[in-house]
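Worksheet: one structure, shown below.
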Amino acid sequence: MEFFTELFKDQDLLQIILRSLQVSTTAVVLGSIIGIPLGSFLAARRFVGKKFVMTILYTSMSLPPVVIGVVVYLLLSRSGPFGFLSLLYTPEAMIIAQFLLVMPLITGLTFSAINGMNQKYRMLARTLGATRFQEWLFILTQAKKSILIGVLTAYGRALSEVGAVTIIGGNIEGHTRVMTTSIVLMTRQGEFIKALYLGCVLLCISFLVNLLFVKQTLEQLDLGGNKK
(Lines give C-alpha, C1' and ligand atoms only; values in the text may rest on other atoms or scores of the structure.)
Protein backbone atom coordinates (compact mmCIF):
# COMPACT_ATOMS: atom_id res chain seq x y z
CA MET A 1 0.00 0.00 0.00
CA GLU A 2 2.86 2.36 0.81
CA PHE A 3 4.20 1.85 -2.72
CA PHE A 4 0.93 2.95 -4.31
CA THR A 5 0.57 5.87 -1.87
CA GLU A 6 4.00 7.21 -2.80
CA LEU A 7 3.32 6.59 -6.48
CA PHE A 8 0.06 8.53 -6.60
CA LYS A 9 1.65 11.42 -4.72
CA ASP A 10 4.18 11.95 -7.52
CA GLN A 11 2.31 13.56 -10.41
CA ASP A 12 5.37 13.39 -12.67
CA LEU A 13 5.54 9.61 -12.37
CA LEU A 14 1.81 9.32 -13.02
CA GLN A 15 2.12 11.40 -16.18
CA ILE A 16 5.00 9.23 -17.36
CA ILE A 17 2.97 6.04 -16.79
CA LEU A 18 -0.12 7.42 -18.54
CA ARG A 19 1.96 8.68 -21.47
CA SER A 20 3.57 5.25 -21.86
CA LEU A 21 0.18 3.55 -21.90
CA GLN A 22 -1.24 6.12 -24.32
CA VAL A 23 1.63 5.83 -26.81
CA SER A 24 1.86 2.02 -26.74
CA THR A 25 -1.90 1.43 -26.76
CA THR A 26 -2.46 3.82 -29.68
CA ALA A 27 0.37 2.22 -31.67
CA VAL A 28 -0.97 -1.31 -31.08
CA VAL A 29 -4.56 -0.32 -31.93
CA LEU A 30 -3.42 1.27 -35.21
CA GLY A 31 -1.15 -1.71 -35.87
CA SER A 32 -4.09 -4.08 -35.32
CA ILE A 33 -6.40 -2.08 -37.61
CA ILE A 34 -3.93 -2.51 -40.47
CA GLY A 35 -2.07 -5.69 -39.46
CA ILE A 36 -5.04 -8.02 -38.89
CA PRO A 37 -6.74 -7.39 -42.27
CA LEU A 38 -3.36 -7.45 -44.04
CA GLY A 39 -2.35 -10.73 -42.39
CA SER A 40 -5.76 -12.18 -43.26
CA PHE A 41 -5.39 -11.12 -46.89
CA LEU A 42 -1.91 -12.65 -47.17
CA ALA A 43 -3.17 -15.93 -45.70
CA ALA A 44 -6.27 -16.09 -47.90
CA ARG A 45 -4.87 -15.05 -51.29
CA ARG A 46 -2.25 -16.32 -53.71
CA PHE A 47 -0.56 -13.78 -55.96
CA VAL A 48 2.63 -13.20 -57.87
CA GLY A 49 5.44 -12.08 -55.57
CA LYS A 50 3.84 -13.40 -52.38
CA LYS A 51 7.06 -15.13 -51.29
CA PHE A 52 8.94 -11.85 -51.69
CA VAL A 53 6.29 -9.97 -49.67
CA MET A 54 6.42 -12.61 -46.91
CA THR A 55 10.22 -12.38 -46.83
CA ILE A 56 9.98 -8.61 -46.30
CA LEU A 57 7.32 -9.13 -43.64
CA TYR A 58 9.33 -11.66 -41.64
CA THR A 59 12.42 -9.48 -41.92
CA SER A 60 10.41 -6.51 -40.61
CA MET A 61 9.24 -8.57 -37.63
CA SER A 62 12.82 -8.91 -36.41
CA LEU A 63 14.06 -5.37 -37.14
CA PRO A 64 15.96 -3.81 -34.21
CA PRO A 65 13.97 -0.91 -32.69
CA VAL A 66 16.94 1.46 -33.02
CA VAL A 67 16.94 0.91 -36.80
CA ILE A 68 13.26 1.88 -36.93
CA GLY A 69 14.07 4.88 -34.74
CA VAL A 70 16.81 6.08 -37.08
CA VAL A 71 14.62 5.64 -40.18
CA VAL A 72 11.69 7.55 -38.63
CA TYR A 73 14.10 10.23 -37.39
CA LEU A 74 15.46 10.77 -40.91
CA LEU A 75 11.93 10.93 -42.32
CA LEU A 76 10.68 13.43 -39.72
CA SER A 77 13.78 15.59 -39.33
CA ARG A 78 13.79 19.09 -40.83
CA SER A 79 15.75 17.92 -43.85
CA GLY A 80 13.57 14.83 -44.27
CA PRO A 81 10.58 14.43 -46.60
CA PHE A 82 8.08 14.84 -43.74
CA GLY A 83 9.96 17.49 -41.80
CA PHE A 84 7.25 20.08 -42.58
CA LEU A 85 4.90 18.19 -40.23
CA SER A 86 7.10 19.13 -37.21
CA LEU A 87 6.43 15.77 -35.55
CA LEU A 88 9.96 15.02 -34.35
CA TYR A 89 10.28 14.89 -30.54
CA THR A 90 6.52 14.54 -30.05
CA PRO A 91 4.34 11.70 -28.70
CA GLU A 92 2.89 11.38 -32.21
CA ALA A 93 6.35 10.54 -33.59
CA MET A 94 6.78 7.93 -30.87
CA ILE A 95 3.44 6.39 -31.87
CA ILE A 96 4.61 6.22 -35.50
CA ALA A 97 7.85 4.47 -34.47
CA GLN A 98 6.04 1.95 -32.26
CA PHE A 99 3.41 1.40 -34.96
CA LEU A 100 6.18 0.46 -37.42
CA LEU A 101 7.58 -1.85 -34.74
CA VAL A 102 4.37 -3.74 -33.91
CA MET A 103 2.44 -3.71 -37.21
CA PRO A 104 4.65 -6.32 -38.96
CA LEU A 105 4.51 -8.47 -35.82
CA ILE A 106 0.71 -8.38 -35.71
CA THR A 107 0.52 -8.99 -39.47
CA GLY A 108 2.87 -11.98 -39.33
CA LEU A 109 1.20 -13.59 -36.32
CA THR A 110 -2.25 -13.05 -37.86
CA PHE A 111 -1.01 -14.69 -41.07
CA SER A 112 0.30 -17.69 -39.12
CA ALA A 113 -2.93 -18.00 -37.11
CA ILE A 114 -5.22 -17.94 -40.15
CA ASN A 115 -2.93 -19.92 -42.42
CA GLY A 116 -2.83 -22.71 -39.83
CA MET A 117 -6.57 -23.32 -40.06
CA ASN A 118 -7.27 -21.94 -43.53
CA GLN A 119 -7.71 -25.23 -45.39
CA LYS A 120 -9.90 -26.96 -42.78
CA TYR A 121 -12.37 -24.15 -42.13
CA ARG A 122 -12.44 -22.89 -45.72
CA MET A 123 -13.73 -26.27 -46.94
CA LEU A 124 -16.29 -26.32 -44.13
CA ALA A 125 -17.50 -22.81 -44.99
CA ARG A 126 -17.78 -23.69 -48.67
CA THR A 127 -19.74 -26.83 -47.82
CA LEU A 128 -22.19 -24.65 -45.91
CA GLY A 129 -22.58 -22.40 -48.96
CA ALA A 130 -20.78 -19.35 -47.56
CA THR A 131 -19.76 -16.43 -49.78
CA ARG A 132 -16.09 -15.38 -49.95
CA PHE A 133 -16.65 -12.66 -47.38
CA GLN A 134 -18.56 -15.03 -45.07
CA GLU A 135 -15.81 -17.59 -45.54
CA TRP A 136 -13.13 -15.05 -44.55
CA LEU A 137 -15.21 -13.86 -41.58
CA PHE A 138 -15.74 -17.45 -40.38
CA ILE A 139 -12.02 -18.27 -40.53
CA LEU A 140 -11.18 -14.98 -38.79
CA THR A 141 -13.64 -15.79 -35.99
CA GLN A 142 -12.12 -19.23 -35.48
CA ALA A 143 -8.62 -17.72 -35.29
CA LYS A 144 -9.54 -14.87 -32.92
CA LYS A 145 -7.75 -16.32 -29.87
CA SER A 146 -4.51 -16.82 -31.79
CA ILE A 147 -4.81 -13.30 -33.21
CA LEU A 148 -5.39 -11.90 -29.71
CA ILE A 149 -2.20 -13.65 -28.58
CA GLY A 150 -0.37 -11.85 -31.38
CA VAL A 151 -1.80 -8.48 -30.35
CA LEU A 152 -0.83 -9.05 -26.70
CA THR A 153 2.68 -10.03 -27.78
CA ALA A 154 2.95 -6.81 -29.80
CA TYR A 155 1.65 -4.75 -26.87
CA GLY A 156 4.27 -6.21 -24.55
CA ARG A 157 6.99 -5.39 -27.06
CA ALA A 158 5.75 -1.82 -27.53
CA LEU A 159 5.49 -1.17 -23.81
CA SER A 160 9.03 -2.35 -23.07
CA GLU A 161 10.66 -0.67 -26.09
CA VAL A 162 13.31 1.95 -25.34
CA GLY A 163 15.61 2.45 -28.36
CA ALA A 164 13.25 3.92 -30.94
CA VAL A 165 11.30 6.13 -28.52
CA THR A 166 14.54 7.59 -27.17
CA ILE A 167 15.72 8.57 -30.67
CA ILE A 168 12.34 9.86 -31.85
CA GLY A 169 11.01 11.35 -28.61
CA GLY A 170 14.22 12.74 -27.17
CA ASN A 171 13.10 11.84 -23.61
CA ILE A 172 11.87 15.40 -23.00
CA GLU A 173 10.56 15.97 -19.48
CA GLY A 174 6.80 16.50 -19.33
CA HIS A 175 6.42 15.88 -23.06
CA THR A 176 7.90 12.65 -24.45
CA ARG A 177 9.30 10.90 -21.39
CA VAL A 178 7.92 7.36 -20.94
CA MET A 179 8.57 4.59 -18.42
CA THR A 180 11.46 2.85 -20.16
CA THR A 181 13.38 6.03 -21.01
CA SER A 182 12.71 7.41 -17.52
CA ILE A 183 14.11 4.28 -15.86
CA VAL A 184 17.33 4.61 -17.87
CA LEU A 185 17.66 8.33 -17.07
CA MET A 186 16.82 7.99 -13.37
CA THR A 187 19.31 5.15 -12.97
CA ARG A 188 22.05 7.29 -14.54
CA GLN A 189 21.14 10.19 -12.20
CA GLY A 190 21.17 7.98 -9.12
CA GLU A 191 17.41 8.30 -8.48
CA PHE A 192 17.10 4.60 -7.79
CA ILE A 193 13.86 4.79 -5.76
CA LYS A 194 11.90 6.45 -8.56
CA ALA A 195 13.48 4.09 -11.08
CA LEU A 196 12.37 1.14 -8.95
CA TYR A 197 8.84 2.55 -8.68
CA LEU A 198 8.57 2.79 -12.47
CA GLY A 199 10.23 -0.59 -12.87
CA CYS A 200 7.65 -2.17 -10.57
CA VAL A 201 4.79 -0.55 -12.47
CA LEU A 202 6.23 -1.74 -15.79
CA LEU A 203 6.64 -5.25 -14.38
CA CYS A 204 3.05 -5.26 -13.07
CA ILE A 205 1.67 -4.18 -16.46
CA SER A 206 3.87 -6.72 -18.26
CA PHE A 207 2.69 -9.39 -15.82
CA LEU A 208 -0.96 -8.61 -16.56
CA VAL A 209 -0.32 -8.68 -20.31
CA ASN A 210 1.55 -11.99 -20.03
CA LEU A 211 -1.21 -13.36 -17.79
CA LEU A 212 -3.72 -12.70 -20.57
CA PHE A 213 -1.24 -14.18 -23.04
CA VAL A 214 -0.85 -17.40 -21.03
CA LYS A 215 -4.61 -17.67 -20.47
CA GLN A 216 -5.34 -17.33 -24.17
CA THR A 217 -2.55 -19.79 -25.03
CA LEU A 218 -3.87 -22.40 -22.62
CA GLU A 219 -7.38 -21.98 -23.94
CA GLN A 220 -6.06 -22.28 -27.49
CA LEU A 221 -4.40 -25.56 -26.58
CA ASP A 222 -7.50 -26.70 -24.67
CA LEU A 223 -5.42 -27.01 -21.50
CA GLY A 224 -7.29 -24.38 -19.55
CA GLY A 225 -10.59 -22.64 -19.24
CA ASN A 226 -12.55 -25.88 -19.04
CA LYS A 227 -15.47 -25.87 -16.72
CA LYS A 228 -16.96 -28.97 -15.27
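Following the order of the C-alpha coordinates, first chain is A, next is B, and so on, with residues numbered from 1 inside each chain and ligands from 1 in the order they appear.
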
Near segment 177-181 of chain A, 12 Å: segment 38-115 of chain A residue rows, closest pairs, only C-alpha atoms, as a tab-separated table:
residue	atom	partner	partner_atom	distance
A:Tyr89	CA	A:Arg177	CA	10.0
A:Thr90	CA	A:Arg177	CA	9.8
A:Pro91	CA	A:Arg177	CA	8.9
A:Met94	CA	A:Val178	CA	10.0
A:Ile95	CA	A:Val178	CA	11.9

Segment 140-148 of chain A environment, 9 Å, only C-alpha atoms, sequence neighbours closer than 4 positions dropped, as a PyMOL selection string: chain A and resi 36+40+106+109-114+116-117+121+135-136+152-153+213+216-217+219-220

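Counting from atom CA of Pro104 of chain A, the distance to atom CA of Val66 of chain A is 15.7 Å.
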
Which polymer residues have any atom within 10 Å of an atom of segment 160-172 of chain A, counting only C-alpha atoms, with same-chain residues fewer than 2 positions away left out, as a short mmCIF file (atom, residue, chain, number, x, y, z; two decimals) with N, CA, C and O atoms, in the first residue's frame?
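Output below, filename part32.cif:
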data_model
loop_
_atom_site.label_atom_id
_atom_site.label_comp_id
_atom_site.auth_asym_id
_atom_site.auth_seq_id
_atom_site.Cartn_x
_atom_site.Cartn_y
_atom_site.Cartn_z
N SER A 20 3.10 6.53 -21.34
CA SER A 20 3.57 5.25 -21.86
C SER A 20 2.40 4.41 -22.36
O SER A 20 2.44 3.84 -23.46
N VAL A 23 0.83 6.01 -25.60
CA VAL A 23 1.63 5.83 -26.81
C VAL A 23 1.58 4.37 -27.28
O VAL A 23 1.30 4.09 -28.45
N SER A 24 1.82 3.44 -26.36
CA SER A 24 1.86 2.02 -26.74
C SER A 24 0.50 1.50 -27.16
O SER A 24 0.38 0.76 -28.15
N PRO A 64 15.63 -4.44 -35.49
CA PRO A 64 15.96 -3.81 -34.21
C PRO A 64 15.24 -2.47 -34.06
O PRO A 64 15.16 -1.70 -35.03
N PRO A 65 14.69 -2.17 -32.89
CA PRO A 65 13.97 -0.91 -32.69
C PRO A 65 14.80 0.33 -33.02
O PRO A 65 14.25 1.31 -33.51
N VAL A 66 16.12 0.28 -32.74
CA VAL A 66 16.94 1.46 -33.02
C VAL A 66 17.01 1.76 -34.52
O VAL A 66 17.11 2.92 -34.93
N VAL A 67 16.94 0.71 -35.35
CA VAL A 67 16.94 0.91 -36.80
C VAL A 67 15.66 1.64 -37.22
O VAL A 67 15.70 2.59 -38.01
N ILE A 68 14.54 1.20 -36.65
CA ILE A 68 13.26 1.88 -36.93
C ILE A 68 13.33 3.33 -36.45
O ILE A 68 12.86 4.24 -37.12
N GLY A 69 13.93 3.53 -35.28
CA GLY A 69 14.07 4.88 -34.74
C GLY A 69 14.87 5.79 -35.65
O GLY A 69 14.48 6.94 -35.89
N VAL A 70 15.96 5.28 -36.18
CA VAL A 70 16.81 6.08 -37.08
C VAL A 70 16.06 6.41 -38.37
O VAL A 70 16.11 7.55 -38.86
N VAL A 71 15.36 5.42 -38.93
CA VAL A 71 14.62 5.64 -40.18
C VAL A 71 13.54 6.70 -39.99
O VAL A 71 13.40 7.63 -40.80
N VAL A 72 12.76 6.57 -38.91
CA VAL A 72 11.69 7.55 -38.63
C VAL A 72 12.29 8.92 -38.35
O VAL A 72 11.75 9.95 -38.78
N TYR A 73 13.42 8.95 -37.67
CA TYR A 73 14.10 10.23 -37.39
C TYR A 73 14.47 10.93 -38.69
O TYR A 73 14.24 12.13 -38.85
N LEU A 74 15.05 10.18 -39.63
CA LEU A 74 15.46 10.77 -40.91
C LEU A 74 14.25 11.26 -41.71
O LEU A 74 14.32 12.27 -42.41
N LEU A 76 11.37 12.33 -40.39
CA LEU A 76 10.68 13.43 -39.72
C LEU A 76 11.57 14.63 -39.41
O LEU A 76 11.07 15.67 -38.97
N SER A 77 12.88 14.47 -39.61
CA SER A 77 13.78 15.59 -39.33
C SER A 77 13.53 16.74 -40.31
O SER A 77 12.86 16.57 -41.33
N LEU A 87 6.84 16.84 -36.47
CA LEU A 87 6.43 15.77 -35.55
C LEU A 87 7.59 15.24 -34.71
O LEU A 87 7.34 14.52 -33.72
N LEU A 88 8.82 15.55 -35.09
CA LEU A 88 9.96 15.02 -34.35
C LEU A 88 9.94 15.51 -32.91
O LEU A 88 9.63 16.67 -32.64
N TYR A 89 10.29 14.62 -31.98
CA TYR A 89 10.28 14.89 -30.54
C TYR A 89 8.86 15.19 -30.03
O TYR A 89 8.67 16.09 -29.21
N THR A 90 7.90 14.43 -30.53
CA THR A 90 6.52 14.54 -30.05
C THR A 90 5.99 13.14 -29.76
O THR A 90 6.52 12.14 -30.29
N PRO A 91 4.95 13.02 -28.94
CA PRO A 91 4.34 11.70 -28.70
C PRO A 91 3.83 11.06 -29.99
O PRO A 91 3.85 9.84 -30.13
N GLU A 92 3.38 11.91 -30.94
CA GLU A 92 2.89 11.38 -32.21
C GLU A 92 4.00 10.65 -32.98
O GLU A 92 3.76 9.60 -33.59
N ALA A 93 5.21 11.19 -32.93
CA ALA A 93 6.35 10.54 -33.59
C ALA A 93 6.67 9.21 -32.92
O ALA A 93 7.02 8.23 -33.59
N MET A 94 6.53 9.17 -31.60
CA MET A 94 6.78 7.93 -30.87
C MET A 94 5.74 6.87 -31.24
O MET A 94 6.05 5.68 -31.35
N ILE A 95 4.51 7.31 -31.45
CA ILE A 95 3.44 6.39 -31.87
C ILE A 95 3.76 5.82 -33.25
O ILE A 95 3.58 4.62 -33.50
N ILE A 96 4.25 6.67 -34.15
CA ILE A 96 4.61 6.22 -35.50
C ILE A 96 5.70 5.16 -35.42
O ILE A 96 5.64 4.12 -36.09
N ALA A 97 6.74 5.42 -34.60
CA ALA A 97 7.85 4.47 -34.47
C ALA A 97 7.37 3.14 -33.90
O ALA A 97 7.74 2.06 -34.39
N GLN A 98 6.54 3.19 -32.86
CA GLN A 98 6.04 1.95 -32.26
C GLN A 98 5.06 1.24 -33.19
O GLN A 98 5.00 0.01 -33.21
N LEU A 101 6.98 -0.73 -35.47
CA LEU A 101 7.58 -1.85 -34.74
C LEU A 101 6.59 -3.00 -34.58
O LEU A 101 6.95 -4.17 -34.78
N TYR A 155 1.82 -5.77 -27.92
CA TYR A 155 1.65 -4.75 -26.87
C TYR A 155 2.79 -4.83 -25.85
O TYR A 155 3.32 -3.80 -25.42
N GLY A 156 3.15 -6.04 -25.48
CA GLY A 156 4.27 -6.21 -24.55
C GLY A 156 5.57 -5.68 -25.12
O GLY A 156 6.37 -5.05 -24.42
N ARG A 157 5.77 -5.89 -26.42
CA ARG A 157 6.99 -5.39 -27.06
C ARG A 157 7.00 -3.87 -27.12
O ARG A 157 8.02 -3.23 -26.89
N ALA A 158 5.84 -3.28 -27.44
CA ALA A 158 5.75 -1.82 -27.53
C ALA A 158 5.99 -1.17 -26.17
O ALA A 158 6.68 -0.15 -26.06
N GLY A 174 8.15 15.96 -19.24
CA GLY A 174 6.80 16.50 -19.33
C GLY A 174 6.20 16.47 -20.73
O GLY A 174 5.10 16.97 -20.94
N HIS A 175 6.92 15.87 -21.68
CA HIS A 175 6.42 15.88 -23.06
C HIS A 175 6.53 14.51 -23.74
O HIS A 175 5.53 13.99 -24.23
N THR A 176 7.72 13.94 -23.76
CA THR A 176 7.90 12.65 -24.45
C THR A 176 8.56 11.59 -23.56
O THR A 176 8.96 10.55 -24.06
N ARG A 177 8.66 11.86 -22.29
CA ARG A 177 9.30 10.90 -21.39
C ARG A 177 8.32 9.78 -21.05
O ARG A 177 7.20 10.03 -20.62
N VAL A 178 8.75 8.52 -21.24
CA VAL A 178 7.92 7.36 -20.94
C VAL A 178 8.65 6.49 -19.90
O VAL A 178 9.75 6.82 -19.46
N MET A 179 8.03 5.39 -19.52
CA MET A 179 8.57 4.59 -18.42
C MET A 179 9.97 4.06 -18.70
O MET A 179 10.87 4.16 -17.86
N THR A 180 10.17 3.47 -19.88
CA THR A 180 11.46 2.85 -20.16
C THR A 180 12.59 3.88 -20.23
O THR A 180 13.67 3.67 -19.68
N THR A 181 12.34 5.00 -20.91
CA THR A 181 13.38 6.03 -21.01
C THR A 181 13.62 6.70 -19.65
O THR A 181 14.75 7.09 -19.34
N SER A 182 12.57 6.82 -18.84
CA SER A 182 12.71 7.41 -17.52
C SER A 182 13.55 6.52 -16.60
O SER A 182 14.37 7.02 -15.82
N ILE A 183 13.34 5.21 -16.69
CA ILE A 183 14.11 4.28 -15.86
C ILE A 183 15.59 4.39 -16.18
O ILE A 183 16.44 4.43 -15.27
N VAL A 184 15.92 4.46 -17.48
CA VAL A 184 17.33 4.61 -17.87
C VAL A 184 17.91 5.91 -17.34
O VAL A 184 19.01 5.93 -16.75
N LEU A 185 17.18 7.02 -17.50
CA LEU A 185 17.66 8.33 -17.07
C LEU A 185 17.80 8.40 -15.55
O LEU A 185 18.82 8.88 -15.04
N LEU A 202 6.04 -1.11 -14.49
CA LEU A 202 6.23 -1.74 -15.79
C LEU A 202 6.15 -3.26 -15.67
O LEU A 202 5.54 -3.93 -16.53
N LEU A 203 6.71 -3.80 -14.60
CA LEU A 203 6.64 -5.25 -14.38
C LEU A 203 5.21 -5.71 -14.13
O LEU A 203 4.79 -6.75 -14.62
N SER A 206 3.38 -5.61 -17.44
CA SER A 206 3.87 -6.72 -18.26
C SER A 206 3.33 -8.05 -17.75
O SER A 206 2.98 -8.94 -18.53
#

Please, what distance in Å, to one decimal, runs between atom CA of Val201 of chain A and atom CA of Leu18 of chain A? 11.2 Å

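For the choices A:Gly83, A:Phe41, A:Glu173, A:Thr25, the atom-to-atom distance to Arg132 of chain A is smallest for A:Phe41 when using only C-alpha atoms.
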
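Using only C-alpha atoms, the nearest neighbour of Cys200 of chain A within the list A:Phe138, A:Ser79, A:Thr59, A:Ile17 is A:Ile17.
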
Coordinates-based distance that separates atom CA of Ile205 of chain A from atom CA of Gly190 of chain A (Å, one decimal): 24.1 Å

Those of segment 78-111 of chain A in DSSP helix (DSSP H, G or I), formatted as a PyMOL selection string: chain A and resi 83-85+91-111

List as a VMD selection string the protein and nucleic acid residues near Val29 of chain A, meaning an atom at most 9 Å away when only C-alpha atoms are counted, but skip any in the same chain fewer than 5 places from it. chain A and resid 24 34 99 151
